[in-house]
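Participant: mmCIF, C-alpha atoms; chains and numbers go by the auth columns, saved as work_1.cif, coming up:
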data_start
#
loop_
_atom_site.group_PDB
_atom_site.id
_atom_site.type_symbol
_atom_site.label_atom_id
_atom_site.label_comp_id
_atom_site.label_asym_id
_atom_site.label_seq_id
_atom_site.Cartn_x
_atom_site.Cartn_y
_atom_site.Cartn_z
_atom_site.B_iso_or_equiv
_atom_site.auth_seq_id
_atom_site.auth_asym_id
ATOM 1 C CA MET A 1 104.142 38.816 60.546 0.00 23 C
ATOM 2 C CA LYS A 2 101.038 37.505 62.304 0.00 24 C
ATOM 3 C CA ASP A 3 99.543 40.606 63.799 0.00 25 C
ATOM 4 C CA TYR A 4 95.797 40.366 62.986 0.00 26 C
ATOM 5 C CA TYR A 5 92.964 39.196 65.236 0.00 27 C
ATOM 6 C CA PHE A 6 89.206 39.078 64.770 0.00 28 C
ATOM 7 C CA HIS A 7 86.286 38.601 67.126 0.00 29 C
ATOM 8 C CA ASP A 8 83.104 36.750 66.022 0.00 30 C
ATOM 9 C CA GLY A 9 81.018 38.135 68.872 0.00 31 C
ATOM 10 C CA SER A 10 81.756 35.215 71.154 0.00 32 C
ATOM 11 C CA ASN A 11 85.398 34.337 70.744 0.00 33 C
ATOM 12 C CA GLN A 12 88.607 35.953 69.707 0.00 34 C
ATOM 13 C CA HIS A 13 90.655 34.334 66.963 0.00 35 C
ATOM 14 C CA GLY A 14 94.249 34.887 65.926 0.00 36 C
ATOM 15 C CA PRO A 15 96.920 35.811 65.419 0.00 37 C
ATOM 16 C CA PHE A 16 96.827 35.681 61.599 0.00 38 C
ATOM 17 C CA THR A 17 98.867 37.143 58.804 0.00 39 C
ATOM 18 C CA LEU A 18 96.933 39.385 56.421 0.00 40 C
ATOM 19 C CA GLU A 19 96.603 36.553 53.895 0.00 41 C
ATOM 20 C CA GLU A 20 95.429 34.144 56.584 0.00 42 C
ATOM 21 C CA LEU A 21 92.881 36.660 57.794 0.00 43 C
ATOM 22 C CA LYS A 22 91.460 36.985 54.287 0.00 44 C
ATOM 23 C CA GLN A 23 90.827 33.228 54.299 0.00 45 C
ATOM 24 C CA GLN A 24 88.643 33.475 57.398 0.00 46 C
ATOM 25 C CA LYS A 25 84.889 33.882 57.298 0.00 47 C
ATOM 26 C CA ILE A 26 84.771 37.549 58.080 0.00 48 C
ATOM 27 C CA THR A 27 82.260 40.158 56.946 0.00 49 C
ATOM 28 C CA PRO A 28 82.486 43.916 56.675 0.00 50 C
ATOM 29 C CA GLU A 29 80.967 44.089 60.189 0.00 51 C
ATOM 30 C CA THR A 30 83.445 41.668 61.784 0.00 52 C
ATOM 31 C CA SER A 31 85.555 43.278 64.532 0.00 53 C
ATOM 32 C CA VAL A 32 89.272 43.213 63.632 0.00 54 C
ATOM 33 C CA TRP A 33 92.364 44.381 65.535 0.00 55 C
ATOM 34 C CA ASN A 34 96.033 44.468 64.703 0.00 56 C
ATOM 35 C CA THR A 35 99.144 45.593 66.483 0.00 57 C
ATOM 36 C CA ASN A 36 99.153 49.002 64.757 0.00 58 C
ATOM 37 C CA ILE A 37 95.886 50.244 66.277 0.00 59 C
ATOM 38 C CA THR A 38 94.672 50.793 69.807 0.00 60 C
ATOM 39 C CA ASP A 39 91.039 49.610 69.536 0.00 61 C
ATOM 40 C CA TRP A 40 88.895 47.167 67.532 0.00 62 C
ATOM 41 C CA LYS A 41 87.514 48.317 64.189 0.00 63 C
ATOM 42 C CA LYS A 42 85.112 46.941 61.643 0.00 64 C
ATOM 43 C CA ALA A 43 86.834 44.928 58.937 0.00 65 C
ATOM 44 C CA SER A 44 85.442 47.301 56.301 0.00 66 C
ATOM 45 C CA GLN A 45 87.503 50.094 57.863 0.00 67 C
ATOM 46 C CA PHE A 46 90.780 48.401 56.995 0.00 68 C
ATOM 47 C CA GLU A 47 92.056 49.542 53.616 0.00 69 C
ATOM 48 C CA GLU A 48 93.907 46.268 53.055 0.00 70 C
ATOM 49 C CA LEU A 49 90.618 44.353 53.442 0.00 71 C
ATOM 50 C CA THR A 50 88.448 46.586 51.233 0.00 72 C
ATOM 51 C CA GLU A 51 89.107 44.564 48.091 0.00 73 C
ATOM 52 C CA LEU A 52 88.005 41.411 49.895 0.00 74 C
ATOM 53 C CA PHE A 53 84.518 42.746 50.587 0.00 75 C
ATOM 54 C CA LYS A 54 84.023 44.039 47.055 0.00 76 C
ATOM 55 C CA LYS A 55 83.946 40.405 45.936 0.00 77 C
ATOM 56 C CA ILE A 56 81.106 39.481 48.293 0.00 78 C
ATOM 57 C CA PRO A 57 77.719 39.777 46.522 0.00 79 C
ATOM 58 C CA PRO A 58 74.910 41.464 48.421 0.00 80 C
ATOM 59 C CA PRO A 59 72.338 39.224 50.112 0.00 81 C
ATOM 60 C CA PHE A 60 69.521 38.101 47.789 0.00 82 C
ATOM 61 C CA HIS A 61 66.074 39.001 49.028 0.00 83 C
ATOM 62 C CA ILE A 62 63.090 37.163 47.539 0.00 84 C
ATOM 63 C CA THR A 63 60.359 39.676 46.858 0.00 85 C
ATOM 64 C CA LYS A 64 56.674 39.083 46.363 0.00 86 C
ATOM 65 C CA ASN A 65 57.039 40.155 42.748 0.00 87 C
ATOM 66 C CA SER A 66 59.705 37.531 42.080 0.00 88 C
ATOM 67 C CA ILE A 67 57.504 34.857 43.690 0.00 89 C
ATOM 68 C CA LYS A 68 54.583 35.930 41.531 0.00 90 C
ATOM 69 C CA THR A 69 56.818 35.890 38.453 0.00 91 C
ATOM 70 C CA ASN A 70 58.003 32.363 39.247 0.00 92 C
ATOM 71 C CA LYS A 71 54.423 31.208 39.725 0.00 93 C
ATOM 72 C CA LYS A 72 53.434 32.784 36.431 0.00 94 C
ATOM 73 C CA ASN A 73 56.388 31.137 34.691 0.00 95 C
ATOM 74 C CA ASN A 74 55.520 27.754 36.198 0.00 96 C
ATOM 75 C CA ALA A 75 51.887 28.138 35.159 0.00 97 C
ATOM 76 C CA THR A 76 53.007 29.036 31.641 0.00 98 C
ATOM 77 C CA TYR A 77 55.216 25.922 31.481 0.00 99 C
ATOM 78 C CA TYR A 78 52.324 23.729 32.660 0.00 100 C
ATOM 79 C CA ILE A 79 49.956 25.216 30.079 0.00 101 C
ATOM 80 C CA VAL A 80 52.464 24.856 27.246 0.00 102 C
ATOM 81 C CA GLY A 81 53.228 21.286 28.341 0.00 103 C
ATOM 82 C CA ALA A 82 49.530 20.431 28.471 0.00 104 C
ATOM 83 C CA ILE A 83 48.979 21.894 25.002 0.00 105 C
ATOM 84 C CA ILE A 84 51.873 19.842 23.616 0.00 106 C
ATOM 85 C CA VAL A 85 50.528 16.653 25.222 0.00 107 C
ATOM 86 C CA ILE A 86 47.011 17.313 23.879 0.00 108 C
ATOM 87 C CA PHE A 87 48.460 18.034 20.437 0.00 109 C
ATOM 88 C CA LEU A 88 50.423 14.765 20.404 0.00 110 C
ATOM 89 C CA VAL A 89 47.502 12.702 21.709 0.00 111 C
ATOM 90 C CA TYR A 90 45.143 14.265 19.149 0.00 112 C
ATOM 91 C CA HIS A 91 47.465 13.520 16.251 0.00 113 C
ATOM 92 C CA PHE A 92 48.132 9.989 17.528 0.00 114 C
ATOM 93 C CA PHE A 93 44.436 9.110 17.623 0.00 115 C
ATOM 94 C CA SER A 94 43.789 10.983 14.368 0.00 116 C
ATOM 95 C CA TYR A 95 46.500 8.896 12.744 0.00 117 C
ATOM 96 C CA LYS A 96 44.992 5.669 14.101 0.00 118 C
ATOM 97 C CA GLN A 97 41.547 6.761 12.937 0.00 119 C
ATOM 98 C CA ARG A 98 42.854 7.587 9.453 0.00 120 C
ATOM 99 C CA LYS A 99 44.627 4.247 9.272 0.00 121 C
ATOM 100 C CA GLY A 100 41.442 2.532 10.444 0.00 122 C
ATOM 101 C CA VAL A 101 39.397 4.310 7.771 0.00 123 C
ATOM 102 C CA GLU A 102 41.976 3.440 5.127 0.00 124 C
ATOM 103 C CA THR A 103 41.995 -0.199 6.224 0.00 125 C
ATOM 104 C CA THR A 104 38.187 -0.357 6.203 0.00 126 C
ATOM 105 C CA SER A 105 38.074 1.265 2.761 0.00 127 C
ATOM 106 C CA ILE A 106 40.552 -1.276 1.387 0.00 128 C
ATOM 107 C CA GLN A 107 38.627 -4.180 2.935 0.00 129 C
ATOM 108 C CA LYS A 108 35.318 -2.884 1.556 0.00 130 C
ATOM 109 C CA SER A 109 36.809 -2.455 -1.901 0.00 131 C
ATOM 110 C CA ASN A 110 38.188 -5.996 -1.782 0.00 132 C
ATOM 111 C CA ILE A 111 34.777 -7.421 -0.813 0.00 133 C
ATOM 112 C CA LYS A 112 33.010 -5.371 -3.484 0.00 134 C
ATOM 113 C CA ASN A 113 35.374 -6.574 -6.201 0.00 135 C
ATOM 114 C CA ASN A 114 35.084 -10.188 -5.068 0.00 136 C
ATOM 115 C CA ILE A 115 31.472 -10.259 -3.901 0.00 137 C
ATOM 116 C CA ARG A 116 30.746 -13.664 -5.459 0.00 138 C
ATOM 117 C CA ARG A 117 33.292 -15.179 -3.078 0.00 139 C
ATOM 118 C CA TYR A 118 31.419 -13.792 -0.093 0.00 140 C
ATOM 119 C CA VAL A 119 27.865 -14.575 -1.218 0.00 141 C
ATOM 120 C CA THR A 120 27.102 -18.226 -1.921 0.00 142 C
ATOM 121 C CA VAL A 121 24.001 -20.148 -2.894 0.00 143 C
ATOM 122 C CA GLY A 122 22.895 -23.676 -1.980 0.00 144 C
ATOM 123 C CA ASN A 123 19.785 -25.815 -1.819 0.00 145 C
ATOM 124 C CA SER A 124 17.907 -28.018 0.601 0.00 146 C
ATOM 125 C CA ALA A 125 16.887 -31.607 0.028 0.00 147 C
ATOM 126 C CA TYR A 126 13.906 -31.979 -2.321 0.00 148 C
ATOM 127 C CA HIS A 127 11.574 -34.692 -3.632 0.00 149 C
ATOM 128 C CA ILE A 128 11.378 -35.953 -7.232 0.00 150 C
ATOM 129 C CA ASN A 129 8.055 -37.466 -8.205 0.00 151 C
ATOM 130 C CA GLY A 130 7.968 -40.815 -9.958 0.00 152 C
ATOM 131 C CA LEU A 131 6.678 -39.394 -13.229 0.00 153 C
ATOM 132 C CA GLY A 132 8.732 -36.213 -12.920 0.00 154 C
ATOM 133 C CA GLY A 133 8.244 -33.103 -10.956 0.00 155 C
ATOM 134 C CA ILE A 134 10.138 -31.495 -8.096 0.00 156 C
ATOM 135 C CA ASN A 135 8.657 -30.645 -4.700 0.00 157 C
ATOM 136 C CA GLY A 136 9.985 -29.229 -1.413 0.00 158 C
ATOM 137 C CA LEU A 137 12.956 -27.368 -2.868 0.00 159 C
ATOM 138 C CA SER A 138 14.410 -24.434 -0.910 0.00 160 C
ATOM 139 C CA ILE A 139 17.228 -22.133 -1.973 0.00 161 C
ATOM 140 C CA ILE A 140 19.713 -20.929 0.641 0.00 162 C
ATOM 141 C CA ILE A 141 21.751 -17.730 0.369 0.00 163 C
ATOM 142 C CA THR A 142 24.735 -17.187 2.696 0.00 164 C
ATOM 143 C CA ASN A 143 26.117 -13.674 3.227 0.00 165 C
ATOM 144 C CA ASN A 144 29.689 -14.094 4.475 0.00 166 C
ATOM 145 C CA SER A 145 30.477 -10.384 4.212 0.00 167 C
ATOM 146 C CA ASP A 146 30.266 -7.721 6.919 0.00 168 C
ATOM 147 C CA TYR A 147 27.746 -5.667 4.931 0.00 169 C
ATOM 148 C CA LEU A 148 24.003 -5.725 4.401 0.00 170 C
ATOM 149 C CA LEU A 149 22.870 -7.043 1.024 0.00 171 C
ATOM 150 C CA ASP A 150 19.789 -5.231 -0.255 0.00 172 C
ATOM 151 C CA LYS A 151 18.846 -7.837 -2.822 0.00 173 C
ATOM 152 C CA VAL A 152 20.131 -11.104 -4.269 0.00 174 C
ATOM 153 C CA VAL A 153 18.420 -12.688 -7.277 0.00 175 C
ATOM 154 C CA VAL A 154 18.860 -16.435 -7.847 0.00 176 C
ATOM 155 C CA LEU A 155 17.851 -18.113 -11.109 0.00 177 C
ATOM 156 C CA VAL A 156 16.631 -21.723 -10.664 0.00 178 C
ATOM 157 C CA ARG A 157 16.429 -24.118 -13.636 0.00 179 C
ATOM 158 C CA TYR A 158 14.181 -27.179 -13.559 0.00 180 C
ATOM 159 C CA ILE A 159 15.752 -29.733 -15.889 0.00 181 C
ATOM 160 C CA LYS A 160 14.041 -32.646 -17.676 0.00 182 C
ATOM 161 C CA ALA A 161 15.536 -36.113 -17.959 0.00 183 C
ATOM 162 C CA ASN A 162 16.842 -35.355 -21.460 0.00 184 C
ATOM 163 C CA GLY A 163 18.820 -32.357 -20.170 0.00 185 C
ATOM 164 C CA GLU A 164 16.521 -29.700 -21.524 0.00 186 C
ATOM 165 C CA ASP A 165 15.088 -26.959 -19.350 0.00 187 C
ATOM 166 C CA TRP A 166 11.486 -27.433 -18.297 0.00 188 C
ATOM 167 C CA LYS A 167 11.253 -23.944 -16.832 0.00 189 C
ATOM 168 C CA LYS A 168 13.187 -21.237 -15.012 0.00 190 C
ATOM 169 C CA GLU A 169 12.237 -19.338 -11.851 0.00 191 C
ATOM 170 C CA SER A 170 13.790 -16.190 -10.342 0.00 192 C
ATOM 171 C CA ILE A 171 13.860 -16.062 -6.542 0.00 193 C
ATOM 172 C CA ASP A 172 14.448 -12.691 -4.907 0.00 194 C
ATOM 173 C CA PHE A 173 16.163 -12.466 -1.507 0.00 195 C
ATOM 174 C CA SER A 174 15.838 -9.078 0.238 0.00 196 C
ATOM 175 C CA LEU A 175 17.750 -7.455 3.092 0.00 197 C
ATOM 176 C CA ILE A 176 20.202 -10.203 3.989 0.00 198 C
ATOM 177 C CA PRO A 177 22.125 -9.166 7.163 0.00 199 C
ATOM 178 C CA PRO A 178 25.907 -9.610 7.415 0.00 200 C
ATOM 179 C CA ARG A 179 27.192 -13.060 8.355 0.00 201 C
ATOM 180 C CA THR A 180 23.809 -14.753 8.052 0.00 202 C
ATOM 181 C CA GLN A 181 21.886 -17.245 5.915 0.00 203 C
ATOM 182 C CA MET A 182 18.457 -16.780 4.401 0.00 204 C
ATOM 183 C CA THR A 183 16.263 -19.548 3.003 0.00 205 C
ATOM 184 C CA LEU A 184 13.335 -19.203 0.581 0.00 206 C
ATOM 185 C CA ARG A 185 11.028 -21.906 -0.747 0.00 207 C
ATOM 186 C CA ALA A 186 11.218 -22.414 -4.496 0.00 208 C
ATOM 187 C CA PRO A 187 8.064 -23.090 -6.538 0.00 209 C
ATOM 188 C CA ASP A 188 7.213 -26.751 -7.119 0.00 210 C
ATOM 189 C CA SER A 189 7.484 -28.114 -10.643 0.00 211 C
ATOM 190 C CA GLU A 190 5.204 -30.605 -12.446 0.00 212 C
ATOM 191 C CA ARG A 191 8.110 -31.818 -14.513 0.00 213 C
ATOM 192 C CA GLY A 192 11.828 -32.105 -14.159 0.00 214 C
ATOM 193 C CA THR A 193 14.212 -34.587 -12.590 0.00 215 C
ATOM 194 C CA SER A 194 16.994 -32.254 -11.472 0.00 216 C
ATOM 195 C CA ILE A 195 17.740 -28.603 -10.829 0.00 217 C
ATOM 196 C CA ASP A 196 20.479 -26.066 -11.352 0.00 218 C
ATOM 197 C CA TYR A 197 20.805 -22.524 -9.981 0.00 219 C
ATOM 198 C CA LYS A 198 23.065 -19.515 -9.985 0.00 220 C
ATOM 199 C CA ILE A 199 23.187 -16.001 -8.587 0.00 221 C
ATOM 200 C CA GLU A 200 22.072 -13.575 -11.236 0.00 222 C
ATOM 201 C CA SER A 201 22.612 -10.296 -9.395 0.00 223 C
ATOM 202 C CA ILE A 202 23.655 -8.791 -6.052 0.00 224 C
ATOM 203 C CA SER A 203 22.854 -5.263 -4.929 0.00 225 C
ATOM 204 C CA SER A 204 24.081 -3.525 -1.788 0.00 226 C
ATOM 205 C CA THR A 205 23.936 0.160 -0.906 0.00 227 C
ATOM 206 C CA ALA A 206 26.625 -0.346 1.757 0.00 228 C
ATOM 207 C CA LEU A 207 29.017 -1.697 -0.878 0.00 229 C
ATOM 208 C CA ARG A 208 27.750 0.613 -3.624 0.00 230 C
ATOM 209 C CA LEU A 209 26.671 -2.354 -5.731 0.00 231 C
#
As structure tokens, what does this structure read like?
Facilitator:
Amino acid sequence: MKDYYFHDGSNQHGPFTLEELKQQKITPETSVWNTNITDWKKASQFEELTELFKKIPPPFHITKNSIKTNKKNNATYYIVGAIIVIFLVYHFFSYKQRKGVETTSIQKSNIKNNIRRYVTVGNSAYHINGLGGINGLSIIITNNSDYLLDKVVVLVRYIKANGEDWKKESIDFSLIPPRTQMTLRAPDSERGTSIDYKIESISSTALRL
């Protein structure tokens, strides 16, 4: 039987059965009337509606403490996130730096073990006198490595026409920068029709030679 009505403060609604009334948006304070009573009552005063209002949670009120707690939680998340990002960035660049150091170490070791491939010797044009003797000879050292060479010693042989050595001279090159050439004048010779030369020694603090 449809014998329930409710009033929302502006309009009256109904009639409804009890089940239909429960489906309406009523609160404990909503005015309800049915055919068994003489005047309007609050919905909470109807025993058959009591169970309905037990299911309605109380209104949530945001307090200052809860706002502060949320702010603190957010700040904590930001700090933790920042620490994680810094940690990852630090390890990323540390890894790259370690790899760079390892690569440099390998390259340096390769140059050290094959230094004669990186340091070469040559000569300039020179003049041979009619009766023998060599003038105007210069020796050229080329440092093709990326490291400073402290000292390079070149042995020059002045050779007679019969193939025998007339004399030998050691020429010392000092502080040869990376990727550069250095030229030194060799002593003139009163005899000899040709020359030969070779690198005797190479020293480099940077390469631990």
Participant: Provide the CA of Asp172 in chain C to CA of Asp210 in chain C distance in Å, to one decimal place.
Facilitator: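 Taking CA of Asp172 in chain C and CA of Asp210 in chain C, their separation equals 25.9 Å.
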Participant: Kindly give the distance, in Å, that separates CA of Val178 in chain C and CA of Leu159 in chain C, rounded to a single decimal.
Facilitator: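 So the two atoms, CA of Val178 in chain C and CA of Leu159 in chain C, lie 10.3 Å apart.
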Participant: What do you get, as a list in words, if you spell out every residue that the PyMOL selection byres ((chain C and resi 31-39) around 12) selects here?
Facilitator: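 With the PyMOL selection byres ((chain C and resi 31-39) around 12) on this model, the match is Met23, Lys24, Asp25, Tyr26, Tyr27, Phe28, His29, Asp30, Leu40, Glu41, Glu42, Leu43, Lys44, Gln45, Gln46, Lys47, Ile48, Glu51, Thr52, Ser53, Val54, Trp55, Asn56, Thr57, Trp62 and Glu70 of chain C.
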Participant: Could you tell me which of C:Asn136, C:Asn96, C:Ser216, C:Ser196 comes closest to His149 in chain C if we count all atoms listed in the file?
Facilitator: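 Looking at the shortest contact to His149 in chain C, the residue is C:Ser216.
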Participant: What is the distance between CA of Tyr117 in chain C and CA of Asn135 in chain C, in Å to one decimal?
Facilitator: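 Going from CA of Tyr117 in chain C over to CA of Asn135 in chain C covers 26.9 Å.
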Participant: Would you mind completing range 44-73 of chain C so that it carries N, CA and C atoms, and writing it out as a compact mmCIF listing (two decimals), in the coordinates of the input?
Facilitator:
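New file selection-v2.txt:
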# COMPACT_ATOMS: atom_id res chain seq x y z
N LYS C 44 92.35 36.93 55.45
CA LYS C 44 91.46 36.98 54.29
C LYS C 44 90.78 35.64 54.02
N GLN C 45 91.39 34.57 54.51
CA GLN C 45 90.83 33.23 54.30
C GLN C 45 89.76 32.89 55.34
N GLN C 46 89.62 33.72 56.35
CA GLN C 46 88.64 33.48 57.40
C GLN C 46 87.27 33.98 56.96
N LYS C 47 86.26 33.48 57.63
CA LYS C 47 84.89 33.88 57.30
C LYS C 47 84.54 35.17 58.03
N ILE C 48 85.05 36.26 57.47
CA ILE C 48 84.77 37.55 58.08
C ILE C 48 83.89 38.35 57.14
N THR C 49 83.15 39.28 57.70
CA THR C 49 82.26 40.16 56.95
C THR C 49 82.71 41.59 57.18
N PRO C 50 82.11 42.52 56.45
CA PRO C 50 82.49 43.92 56.68
C PRO C 50 82.23 44.37 58.11
N GLU C 51 81.31 43.69 58.83
CA GLU C 51 80.97 44.09 60.19
C GLU C 51 81.80 43.38 61.25
N THR C 52 82.63 42.42 60.82
CA THR C 52 83.44 41.67 61.78
C THR C 52 84.45 42.60 62.46
N SER C 53 84.58 42.45 63.77
CA SER C 53 85.56 43.28 64.53
C SER C 53 86.95 42.72 64.33
N VAL C 54 87.88 43.60 63.91
CA VAL C 54 89.27 43.21 63.63
C VAL C 54 90.22 44.15 64.40
N TRP C 55 91.33 43.58 64.82
CA TRP C 55 92.36 44.38 65.54
C TRP C 55 93.72 43.92 65.05
N ASN C 56 94.64 44.86 64.95
CA ASN C 56 96.03 44.47 64.70
C ASN C 56 96.95 45.30 65.59
N THR C 57 98.17 45.00 65.54
CA THR C 57 99.14 45.59 66.48
C THR C 57 99.43 47.06 66.21
N ASN C 58 98.88 47.61 65.11
CA ASN C 58 99.15 49.00 64.76
C ASN C 58 98.06 49.95 65.22
N ILE C 59 96.97 49.39 65.81
CA ILE C 59 95.89 50.24 66.28
C ILE C 59 95.64 49.98 67.76
N THR C 60 94.90 50.92 68.37
CA THR C 60 94.67 50.79 69.81
C THR C 60 93.34 50.14 70.15
N ASP C 61 92.37 50.15 69.22
CA ASP C 61 91.04 49.61 69.54
C ASP C 61 90.51 48.82 68.34
N TRP C 62 89.50 48.01 68.58
CA TRP C 62 88.90 47.17 67.53
C TRP C 62 88.16 48.04 66.52
N LYS C 63 88.23 47.63 65.26
CA LYS C 63 87.51 48.32 64.19
C LYS C 63 86.75 47.29 63.33
N LYS C 64 85.80 47.81 62.61
CA LYS C 64 85.11 46.94 61.64
C LYS C 64 86.07 46.58 60.52
N ALA C 65 85.93 45.39 59.99
CA ALA C 65 86.83 44.93 58.94
C ALA C 65 86.76 45.84 57.73
N SER C 66 85.60 46.43 57.47
CA SER C 66 85.44 47.30 56.30
C SER C 66 86.25 48.58 56.43
N GLN C 67 86.73 48.87 57.65
CA GLN C 67 87.50 50.09 57.86
C GLN C 67 88.98 49.90 57.59
N PHE C 68 89.38 48.68 57.31
CA PHE C 68 90.78 48.40 57.00
C PHE C 68 90.97 48.47 55.48
N GLU C 69 91.83 49.35 55.05
CA GLU C 69 92.06 49.54 53.62
C GLU C 69 92.54 48.26 52.94
N GLU C 70 93.36 47.49 53.65
CA GLU C 70 93.91 46.27 53.06
C GLU C 70 92.85 45.16 52.90
N LEU C 71 91.70 45.36 53.55
CA LEU C 71 90.62 44.35 53.44
C LEU C 71 89.48 44.80 52.52
N THR C 72 89.54 46.04 52.05
CA THR C 72 88.45 46.59 51.23
C THR C 72 88.18 45.74 49.99
N GLU C 73 89.25 45.35 49.33
CA GLU C 73 89.11 44.56 48.09
C GLU C 73 88.40 43.24 48.36
